[in-house]
$ cat my_file16.cif   # mmCIF, C-alpha atoms and all ligand atoms
data_upload
#
loop_
_atom_site.label_atom_id
_atom_site.label_comp_id
_atom_site.auth_asym_id
_atom_site.auth_seq_id
_atom_site.Cartn_x
_atom_site.Cartn_y
_atom_site.Cartn_z
CA MET R 2 0.00 0.00 0.00
CA ASP R 3 1.24 3.45 -0.91
CA ILE R 4 0.47 5.93 1.84
CA SER R 5 1.13 8.92 -0.39
CA ASP R 6 -1.85 8.11 -2.65
CA GLU R 7 -5.09 10.05 -2.81
CA SER R 8 -6.96 8.12 -0.10
CA PHE R 9 -4.80 9.93 2.45
CA GLN R 10 -4.49 13.58 3.36
CA GLU R 11 -2.50 15.81 5.67
CA ILE R 12 -4.21 17.66 8.51
CA VAL R 13 -3.00 19.70 11.48
CA GLU R 14 -4.12 18.92 15.03
CA GLY R 15 -2.81 21.21 17.75
CA GLU R 16 0.51 22.21 16.21
CA THR R 17 1.26 18.84 14.68
CA SER R 18 0.89 17.75 11.05
CA LEU R 19 -0.67 14.33 10.62
CA LEU R 20 -1.25 11.96 7.76
CA VAL R 21 -4.75 10.48 8.05
CA SER R 22 -7.04 8.52 5.77
CA LYS R 23 -9.52 10.81 4.01
CA LYS R 24 -12.46 8.67 5.07
CA SER R 25 -11.73 9.28 8.73
CA ILE R 26 -12.41 12.97 8.11
CA THR R 27 -15.42 12.59 5.80
CA ASP R 28 -17.29 9.57 7.23
CA LYS R 29 -19.64 10.03 10.16
CA VAL R 30 -18.15 7.01 11.91
CA PRO R 31 -14.40 6.87 11.17
CA PRO R 32 -13.52 3.50 9.57
CA LYS R 33 -11.26 1.07 11.43
CA LYS R 34 -9.37 0.27 8.22
CA PRO R 35 -6.73 0.87 7.09
CA VAL R 36 -6.08 2.75 10.36
CA PHE R 37 -8.55 4.16 12.86
CA PHE R 38 -8.44 7.89 13.47
CA ASN R 39 -11.19 9.83 15.22
CA PRO R 40 -10.92 13.58 14.68
CA LYS R 41 -13.54 14.10 17.41
CA ALA R 42 -11.11 12.71 19.99
CA LYS R 43 -9.09 15.93 19.70
CA LEU R 44 -10.37 17.13 23.08
CA ASN R 45 -9.20 13.88 24.67
CA ARG R 46 -5.73 14.38 23.13
CA ASP R 47 -5.69 18.10 23.99
CA LEU R 48 -6.27 17.25 27.63
CA SER R 49 -3.50 14.66 27.57
CA ILE R 50 -1.11 17.25 26.13
CA VAL R 51 -1.98 19.53 29.05
CA ALA R 52 -1.77 16.72 31.62
CA TYR R 53 1.57 15.41 30.34
CA SER R 54 2.94 18.94 30.13
CA ALA R 55 1.96 19.62 33.75
CA PHE R 56 3.54 16.32 34.75
CA LEU R 57 6.80 16.85 32.82
CA GLU R 58 7.14 20.39 34.15
CA ASN R 59 7.52 19.00 37.68
CA PHE R 60 9.27 15.72 36.94
CA GLN R 61 13.02 15.44 37.57
CA GLY R 62 13.87 12.07 35.92
CA PRO R 63 14.28 11.08 32.25
CA LYS R 64 11.37 12.24 30.11
CA ILE R 65 10.11 9.28 28.07
CA LEU R 66 6.62 8.43 26.81
CA LEU R 67 5.73 4.83 25.98
CA GLU R 68 2.52 4.50 24.02
CA GLY R 69 1.35 0.90 24.09
CA LEU R 70 -1.50 0.87 21.59
CA SER R 71 -0.73 3.88 19.47
CA GLY R 72 -2.73 3.29 16.27
CA MET R 73 -1.31 5.86 13.87
CA GLY R 74 0.43 7.51 16.80
CA VAL R 75 -1.48 10.79 17.00
CA ARG R 76 -1.07 11.22 20.75
CA GLY R 77 2.60 10.23 20.67
CA LEU R 78 3.33 12.45 17.65
CA ARG R 79 1.71 15.43 19.34
CA VAL R 80 3.65 14.79 22.55
CA ALA R 81 6.95 14.48 20.63
CA ASN R 82 6.22 17.67 18.70
CA GLU R 83 4.46 19.91 21.23
CA LEU R 84 6.14 19.01 24.55
CA LYS R 85 9.70 19.12 25.82
CA ILE R 86 10.33 15.38 25.90
CA GLU R 87 13.49 13.36 25.28
CA LYS R 88 11.96 10.27 23.75
CA VAL R 89 8.60 8.92 22.59
CA VAL R 90 8.12 5.29 21.60
CA VAL R 91 4.88 4.43 19.84
CA ASN R 92 3.93 0.80 19.52
CA ASP R 93 1.23 -0.92 17.55
CA LEU R 94 0.65 -4.26 15.83
CA ASN R 95 -0.62 -2.65 12.63
CA PRO R 96 2.31 -2.02 10.23
CA THR R 97 0.23 0.43 8.13
CA ALA R 98 -0.49 2.50 11.24
CA LEU R 99 3.22 2.65 12.02
CA LYS R 100 4.08 3.58 8.44
CA MET R 101 1.64 6.47 8.69
CA ALA R 102 3.11 7.50 12.05
CA GLU R 103 6.59 7.55 10.52
CA TYR R 104 5.34 9.62 7.61
CA SER R 105 3.80 12.12 10.06
CA ALA R 106 6.99 12.19 12.15
CA ASN R 107 8.89 13.27 9.01
CA LEU R 108 6.29 15.94 8.27
CA ASN R 109 7.14 17.47 11.65
CA HIS R 110 10.91 16.81 11.39
CA LEU R 111 10.87 14.85 14.64
CA ASP R 112 14.01 13.11 15.86
CA ASN R 113 12.73 12.16 19.33
CA ILE R 114 10.22 9.49 18.27
CA LYS R 115 10.75 5.76 17.68
CA PHE R 116 8.43 3.07 16.36
CA SER R 117 7.80 -0.45 17.57
CA GLU R 118 5.68 -3.22 16.04
CA ASN R 119 4.86 -5.59 18.86
CA ASP R 120 2.16 -7.03 21.08
CA VAL R 121 1.45 -4.37 23.72
CA CYS R 122 2.52 -6.44 26.74
CA ARG R 123 5.67 -7.69 25.02
CA PHE R 124 6.47 -4.09 24.13
CA LEU R 125 5.94 -2.86 27.68
CA SER R 126 7.88 -5.82 29.10
CA ASN R 127 10.90 -4.59 27.15
CA TYR R 128 10.69 -1.48 29.33
CA SER R 129 9.84 -3.06 32.67
CA LYS R 130 13.36 -3.25 34.11
CA LYS R 131 14.45 -0.55 36.54
CA GLY R 132 16.34 2.10 34.60
CA LYS R 133 14.49 1.36 31.35
CA ARG R 134 10.96 2.38 32.36
CA GLY R 135 8.88 5.20 30.91
CA SER R 136 8.06 8.34 32.84
CA ILE R 137 4.69 8.39 31.07
CA VAL R 138 2.97 5.21 29.91
CA ASP R 139 -0.26 5.38 27.94
CA LEU R 140 -2.78 2.61 27.21
CA ASP R 141 -5.50 3.48 24.72
CA PRO R 142 -7.20 0.25 23.56
CA PHE R 143 -10.54 -0.44 21.91
CA GLY R 144 -12.64 -1.62 24.86
CA SER R 145 -11.27 -2.32 28.32
CA PRO R 146 -7.72 -1.42 29.39
CA ALA R 147 -7.85 -3.80 32.37
CA ALA R 148 -5.90 -6.58 30.62
CA PHE R 149 -2.91 -4.23 30.29
CA PHE R 150 -2.82 -2.75 33.81
CA ASP R 151 -0.18 -5.24 34.92
CA CYS R 152 2.34 -4.59 32.15
CA GLY R 153 1.49 -0.87 32.13
CA ILE R 154 2.32 -0.44 35.81
CA ARG R 155 5.53 -2.50 35.48
CA ALA R 156 6.73 -0.23 32.67
CA THR R 157 6.12 3.01 34.61
CA MET R 158 9.01 4.40 36.65
CA HIS R 159 8.81 5.55 40.28
CA GLY R 160 7.04 8.92 40.31
CA GLY R 161 5.87 8.39 36.71
CA MET R 162 2.42 8.70 35.20
CA LEU R 163 0.17 5.99 33.79
CA SER R 164 -2.78 7.06 31.65
CA THR R 165 -5.50 4.75 30.37
CA THR R 166 -8.61 4.97 28.21
CA ALA R 167 -11.65 2.72 28.52
CA THR R 168 -14.27 2.57 25.77
CA ASP R 169 -16.28 -0.43 27.01
CA LEU R 170 -18.93 1.93 28.33
CA GLN R 171 -21.80 -0.56 28.21
CA VAL R 172 -19.88 -2.87 30.55
CA LEU R 173 -18.88 -0.06 32.90
CA ASN R 174 -22.32 1.53 32.87
CA GLY R 175 -24.06 -1.60 34.06
CA LEU R 176 -25.53 -3.16 30.94
CA PHE R 177 -23.40 -6.27 31.46
CA GLN R 178 -22.82 -6.64 35.19
CA GLU R 179 -21.15 -10.05 34.95
CA ALA R 180 -18.65 -8.75 32.39
CA CYS R 181 -17.97 -5.73 34.63
CA LYS R 182 -17.26 -8.00 37.59
CA ARG R 183 -14.97 -10.20 35.48
CA LYS R 184 -13.01 -7.30 33.98
CA TYR R 185 -12.93 -4.78 36.80
CA GLY R 186 -13.61 -6.91 39.89
CA GLY R 187 -16.67 -4.89 40.90
CA ILE R 188 -20.20 -4.06 39.83
CA THR R 189 -22.03 -0.79 39.24
CA VAL R 190 -25.43 0.57 40.23
CA ARG R 191 -27.41 2.25 37.48
CA ALA R 192 -27.66 5.87 38.58
CA GLU R 193 -27.44 9.40 37.14
CA TYR R 194 -23.80 9.60 38.19
CA GLY R 195 -22.87 6.29 36.49
CA ASN R 196 -19.81 7.86 34.82
CA GLU R 197 -18.23 8.58 38.20
CA ILE R 198 -18.93 5.02 39.38
CA ALA R 199 -17.35 3.73 36.15
CA ILE R 200 -14.18 5.75 36.66
CA ARG R 201 -13.97 4.64 40.29
CA LEU R 202 -14.34 1.00 39.13
CA ILE R 203 -11.44 1.47 36.70
CA LEU R 204 -9.30 3.08 39.43
CA GLY R 205 -10.30 0.38 41.90
CA CYS R 206 -9.15 -2.33 39.51
CA LEU R 207 -5.91 -0.45 38.88
CA ARG R 208 -5.40 -0.11 42.65
CA ILE R 209 -5.82 -3.88 43.17
CA VAL R 210 -3.28 -4.73 40.44
CA ALA R 211 -0.86 -2.06 41.75
CA ALA R 212 -1.15 -3.32 45.32
CA ARG R 213 -0.33 -6.85 44.14
CA LEU R 214 2.91 -5.46 42.67
CA GLY R 215 3.73 -3.47 45.83
CA VAL R 216 3.02 -0.21 44.04
CA GLU R 217 0.89 2.78 45.02
CA ILE R 218 -1.29 4.71 42.57
CA ILE R 219 -2.46 8.27 43.18
CA PRO R 220 -5.14 9.58 40.79
CA GLN R 221 -4.21 13.00 39.37
CA PHE R 222 -6.92 13.70 36.82
CA VAL R 223 -9.85 11.80 35.31
CA GLU R 224 -12.06 12.60 32.36
CA SER R 225 -15.49 11.38 31.37
CA ASP R 226 -16.90 11.69 27.89
CA MET R 227 -19.83 10.20 25.98
CA HIS R 228 -17.49 7.74 24.27
CA TYR R 229 -14.66 7.08 26.73
CA TYR R 230 -13.35 7.33 30.28
CA ARG R 231 -9.76 8.40 30.87
CA THR R 232 -7.66 8.18 34.02
CA TYR R 233 -4.24 9.61 34.87
CA VAL R 234 -2.47 8.21 37.94
CA LYS R 235 0.92 8.78 39.51
CA VAL R 236 2.82 5.55 40.19
CA LEU R 237 5.00 5.18 43.30
CA ASN R 238 7.12 2.11 43.96
CA LYS R 239 5.95 1.60 47.52
CA PRO R 240 3.03 -0.25 49.03
CA ASP R 241 -0.22 1.66 49.47
CA GLN R 242 -1.20 1.72 53.15
CA LYS R 243 -4.42 3.66 52.74
CA GLU R 244 -7.97 2.28 52.68
CA ASN R 245 -8.82 3.33 49.15
CA LEU R 246 -11.23 0.56 48.23
CA GLY R 247 -14.87 0.48 49.22
CA TYR R 248 -18.37 1.01 47.89
CA ILE R 249 -20.84 3.60 46.75
CA LEU R 250 -24.12 2.89 48.50
CA HIS R 251 -27.12 4.05 46.51
CA CYS R 252 -30.80 3.93 47.50
CA LYS R 253 -33.06 3.76 44.47
CA ASN R 254 -36.06 4.60 46.64
CA CYS R 255 -35.09 7.92 48.24
CA GLY R 256 -31.95 8.82 46.26
CA ASN R 257 -29.65 8.73 49.29
CA ARG R 258 -26.05 7.89 48.41
CA ARG R 259 -22.67 7.82 50.07
CA ILE R 260 -19.21 6.34 50.01
CA ALA R 261 -18.50 3.59 52.55
CA LEU R 262 -15.79 1.09 53.40
CA GLU R 263 -18.26 -1.79 53.74
CA LYS R 264 -21.50 -2.81 52.07
CA GLU R 265 -24.71 -2.14 53.96
CA LYS R 266 -28.14 -3.68 53.54
CA GLU R 267 -30.46 -0.91 54.66
CA CYS R 268 -30.76 2.74 53.66
CA GLU R 269 -30.04 4.89 56.73
CA MET R 270 -32.62 7.43 55.59
CA CYS R 271 -35.68 5.50 54.36
CA LYS R 272 -34.79 2.08 55.85
CA LEU R 273 -35.44 0.26 52.56
CA LYS R 274 -32.93 -1.95 50.73
CA ILE R 275 -29.79 -0.13 49.56
CA ASN R 276 -27.63 -1.11 46.55
CA ALA R 277 -23.85 -1.16 46.53
CA ALA R 278 -21.50 -0.43 43.63
CA GLY R 279 -17.97 -1.74 43.99
CA PRO R 280 -15.51 -2.62 45.25
CA LEU R 281 -14.20 0.60 43.76
CA TRP R 282 -11.80 3.49 44.42
CA ILE R 283 -13.15 5.73 47.19
CA GLY R 284 -10.22 8.15 47.53
CA ASN R 285 -9.75 11.44 45.71
CA ILE R 286 -9.96 11.36 41.91
CA PHE R 287 -8.44 14.81 41.31
CA GLU R 288 -5.14 16.03 42.78
CA LYS R 289 -5.71 19.74 43.42
CA LYS R 290 -2.09 20.85 42.83
CA PHE R 291 -1.90 18.85 39.64
CA ILE R 292 -5.14 20.31 38.27
CA GLN R 293 -3.87 23.80 39.10
CA SER R 294 -0.66 23.12 37.20
CA MET R 295 -2.72 21.78 34.25
CA ILE R 296 -4.65 25.07 34.24
CA ASP R 297 -1.34 26.97 34.22
CA GLU R 298 -0.24 24.97 31.15
CA THR R 299 -3.37 25.54 29.03
CA THR R 300 -2.20 28.90 27.65
CA LYS R 301 0.88 27.29 26.09
CA PHE R 302 -0.97 25.17 23.53
CA LYS R 303 -3.37 25.32 20.60
CA ILE R 304 -6.17 23.42 22.29
CA GLU R 305 -9.96 23.54 22.56
CA LYS R 306 -11.09 26.46 24.71
CA VAL R 307 -13.36 24.15 26.69
CA CYS R 308 -10.26 22.51 28.30
CA ASP R 309 -9.88 25.48 30.63
CA LYS R 310 -13.55 25.36 31.61
CA ILE R 311 -13.38 21.63 32.32
CA LEU R 312 -10.26 22.03 34.43
CA HIS R 313 -11.73 24.84 36.53
CA LYS R 314 -14.64 22.56 37.36
CA CYS R 315 -12.20 19.79 38.30
CA LEU R 316 -10.34 22.26 40.54
CA ALA R 317 -13.56 23.28 42.28
CA GLU R 318 -14.48 19.66 43.03
CA SER R 319 -10.96 18.37 43.68
CA GLU R 320 -11.29 18.18 47.44
CA MET R 321 -14.94 17.11 47.55
CA SER R 322 -15.82 13.53 48.28
CA GLY R 323 -17.94 11.30 46.04
CA THR R 324 -20.43 11.39 44.56
CA TYR R 325 -22.51 14.01 42.70
CA PHE R 326 -26.21 14.84 42.24
CA THR R 327 -27.89 16.20 39.09
CA LEU R 328 -30.47 18.97 38.95
CA ASP R 329 -32.75 16.71 36.90
CA GLU R 330 -33.02 14.03 39.57
CA ILE R 331 -33.62 16.62 42.30
CA ALA R 332 -36.28 18.27 40.09
CA SER R 333 -38.12 14.99 39.62
CA LYS R 334 -38.15 14.47 43.41
CA MET R 335 -39.23 18.07 44.08
CA LYS R 336 -41.85 17.82 41.34
CA SER R 337 -40.95 21.36 40.31
CA SER R 338 -38.19 23.05 38.35
CA PRO R 339 -34.83 23.25 40.15
CA PRO R 340 -32.69 26.39 40.51
CA LYS R 341 -29.97 27.17 37.99
CA LEU R 342 -26.75 25.32 38.65
CA GLU R 343 -24.75 28.29 39.95
CA ASN R 344 -27.66 29.26 42.22
CA ALA R 345 -28.02 25.69 43.46
CA VAL R 346 -24.36 25.67 44.53
CA SER R 347 -24.57 29.07 46.24
CA PHE R 348 -27.86 28.24 48.04
CA LEU R 349 -26.19 25.16 49.52
CA GLN R 350 -23.08 27.12 50.48
CA LYS R 351 -25.21 29.82 52.15
CA ASN R 352 -26.85 27.05 54.16
CA ASN R 353 -23.38 26.11 55.44
CA PHE R 354 -22.98 23.03 53.26
CA VAL R 355 -19.92 22.39 51.15
CA ALA R 356 -20.87 22.46 47.46
CA SER R 357 -19.26 22.67 44.04
CA VAL R 358 -19.97 22.06 40.36
CA THR R 359 -18.54 18.92 38.75
CA ALA R 360 -16.86 18.25 35.41
CA PHE R 361 -18.76 14.97 35.22
CA SER R 362 -22.10 16.52 34.25
CA PRO R 363 -23.32 19.91 32.98
CA THR R 364 -26.13 19.82 35.56
CA GLY R 365 -24.15 18.03 38.28
CA PHE R 366 -23.03 19.29 41.69
CA ARG R 367 -21.25 17.87 44.71
CA THR R 368 -22.24 18.60 48.27
CA ASN R 369 -22.08 17.15 51.76
CA ALA R 370 -25.83 17.83 52.12
CA ASN R 371 -27.97 14.71 51.87
CA ILE R 372 -30.83 14.48 49.41
CA ASN R 373 -33.48 15.70 51.86
CA GLU R 374 -31.32 18.66 52.87
CA ILE R 375 -30.80 19.54 49.20
CA ILE R 376 -34.53 19.45 48.50
CA GLU R 377 -35.28 21.55 51.62
CA THR R 378 -32.64 24.10 50.61
CA PHE R 379 -34.00 24.39 47.07
CA HIS R 380 -37.62 24.66 48.28
CA ALA R 381 -36.66 27.39 50.75
CA ASN R 382 -35.17 29.43 47.91
CA GLN R 383 -38.06 29.08 45.49
ZN ZN C 1 -33.41 5.40 50.99
#
$ encode --input "my_file16.cif" --output "structure tokens" --more "lines below"
Ligand SMILES: [Zn+2]
Amino acid sequence: MDISDESFQEIVEGETSLLVSKKSITDKVPPKKPVFFNPKAKLNRDLSIVAYSAFLENFQGPKILLEGLSGMGVRGLRVANELKIEKVVVNDLNPTALKMAEYSANLNHLDNIKFSENDVCRFLSNYSKKGKRGSIVDLDPFGSPAAFFDCGIRATMHGGMLSTTATDLQVLNGLFQEACKRKYGGITVRAEYGNEIAIRLILGCLRIVAARLGVEIIPQFVESDMHYYRTYVKVLNKPDQKENLGYILHCKNCGNRRIALEKEKECEMCKLKINAAGPLWIGNIFEKKFIQSMIDETTKFKIEKVCDKILHKCLAESEMSGTYFTLDEIASKMKSSPPKLENAVSFLQKNNFVASVTAFSPTGFRTNANINEIIETFHANQ
């Protein structure tokens, strides 16, 4: 196959020139062949540029990105071109994808990027010895990343960053509970805030694998989208002593919810049966300092304006505990229209509750008020 023929074209994403197949730009659903490229995932890649930049800015060791399932290497190419990084290695099993990545690397005159054609775990195993590991390791598969957590963690150096994408949303959102239990070791509860439960299930699974290897993970930033969930964790080569695994208890009757270390049978508010999602990650999902440094980085790059807005929401909720409420669910319980989001947050704060918006939902908010207290507060301000 000749990649300079007319079925391909050059585009620019961020500040990086890329060779892509024309169909991936024109078709509504980008084709998987010859190489998958989704232009709509630009936001996802923009946020990784910002996250990696914030990480590299404060990282003292060698600056190396290992991209396990790179496809045509868009993320890796952008990192090599737009960030100050010593080495990027992109790996994929598809030789056409790698040929396109090489072509794009030449377009940008890059000399800090290498290519590898290997099975992802074999590739990462080549980098799992101390002294050879990556400071950033990325796993971006079709479907679940859980099968690669082990080799991903082993290839990440002490103090490094591991980022993963999950696109098996039906499994994580509770359509296939058995598959969720098999892949992630926990189950979900179908609720308005299902995306947060999903991300906590991914982090919980990562935590279990890390703990088995004597490694600690600390979530820095997470991102939820209609088509994927992404997590960024710091990896430390020391055992995790904290109690970071537990459950989200959710009452489908009254809407009460909270994070707990153990399962419970009865809702503390209405005394009916309560459901439990988990085991899952119950610690923080945003690291405040890290989010602040991401915000500081945003001005350096050609990225979607919405990145800044998303990150400010993450900053606001970074020290709040799980999980969030949506205005729609409160409205249906109140049987009347709810306040605007910014008013909802300030009403709660004026009532001496802690409250913030959340990046997880445009109508979502976090608070330490329980559902009855929220409804009372909103009624009082009508
Ligand atoms: Zn209840």
$ residues_near_ligand --input "my_file16.cif" --ligand "ligand ZN 1 (chain C)" --cutoff "9 Å" --atoms "all atoms listed in the file" --output "PyMOL selection string"
chain R and resi 251-258+267-275
$ closest_residue --input "my_file16.cif" --among "R:Met158, R:Leu111, R:Ala147, R:Ile12" --to "Lys64 in chain R" --atoms "only C-alpha atoms"
R:Met158
$ closest_atom_pairs --input "my_file16.cif" --of "range 189-261 of chain R" --to "range 292-313 of chain R" --cutoff "12 Å" --atoms "all atoms listed in the file" --output "CSV"
residue,atom,partner,partner_atom,distance
R:Pro220,CA,R:Ile292,CA,11.0
R:Gln221,CA,R:Ile292,CA,7.5
R:Phe222,CA,R:Ile292,CA,7.0
R:Val223,CA,R:Ile292,CA,10.2
R:Glu224,CA,R:Ile311,CA,9.1
R:Ser225,CA,R:Ile311,CA,10.5
R:Asp226,CA,R:Ile311,CA,11.4
R:Tyr233,CA,R:Ile292,CA,11.3
$ residues_near_point --input "my_file16.cif" --point "(-2.0, 2.5, 20.8)" --cutoff "7 Å" --atoms "only C-alpha atoms" --output "compact mmCIF listing (two decimals) with C-alpha atoms, in the coordinates of the input"
# COMPACT_ATOMS: atom_id res chain seq x y z
CA GLU R 68 2.52 4.50 24.02
CA GLY R 69 1.35 0.90 24.09
CA LEU R 70 -1.50 0.87 21.59
CA SER R 71 -0.73 3.88 19.47
CA GLY R 72 -2.73 3.29 16.27
CA GLY R 74 0.43 7.51 16.80
CA ASN R 92 3.93 0.80 19.52
CA ASP R 93 1.23 -0.92 17.55
CA LEU R 140 -2.78 2.61 27.21
CA ASP R 141 -5.50 3.48 24.72
CA PRO R 142 -7.20 0.25 23.56
$ atom_distance --input "my_file16.cif" --atom1 "CA of Phe143 in chain R" --atom2 "CA of Thr168 in chain R"
6.2 Å
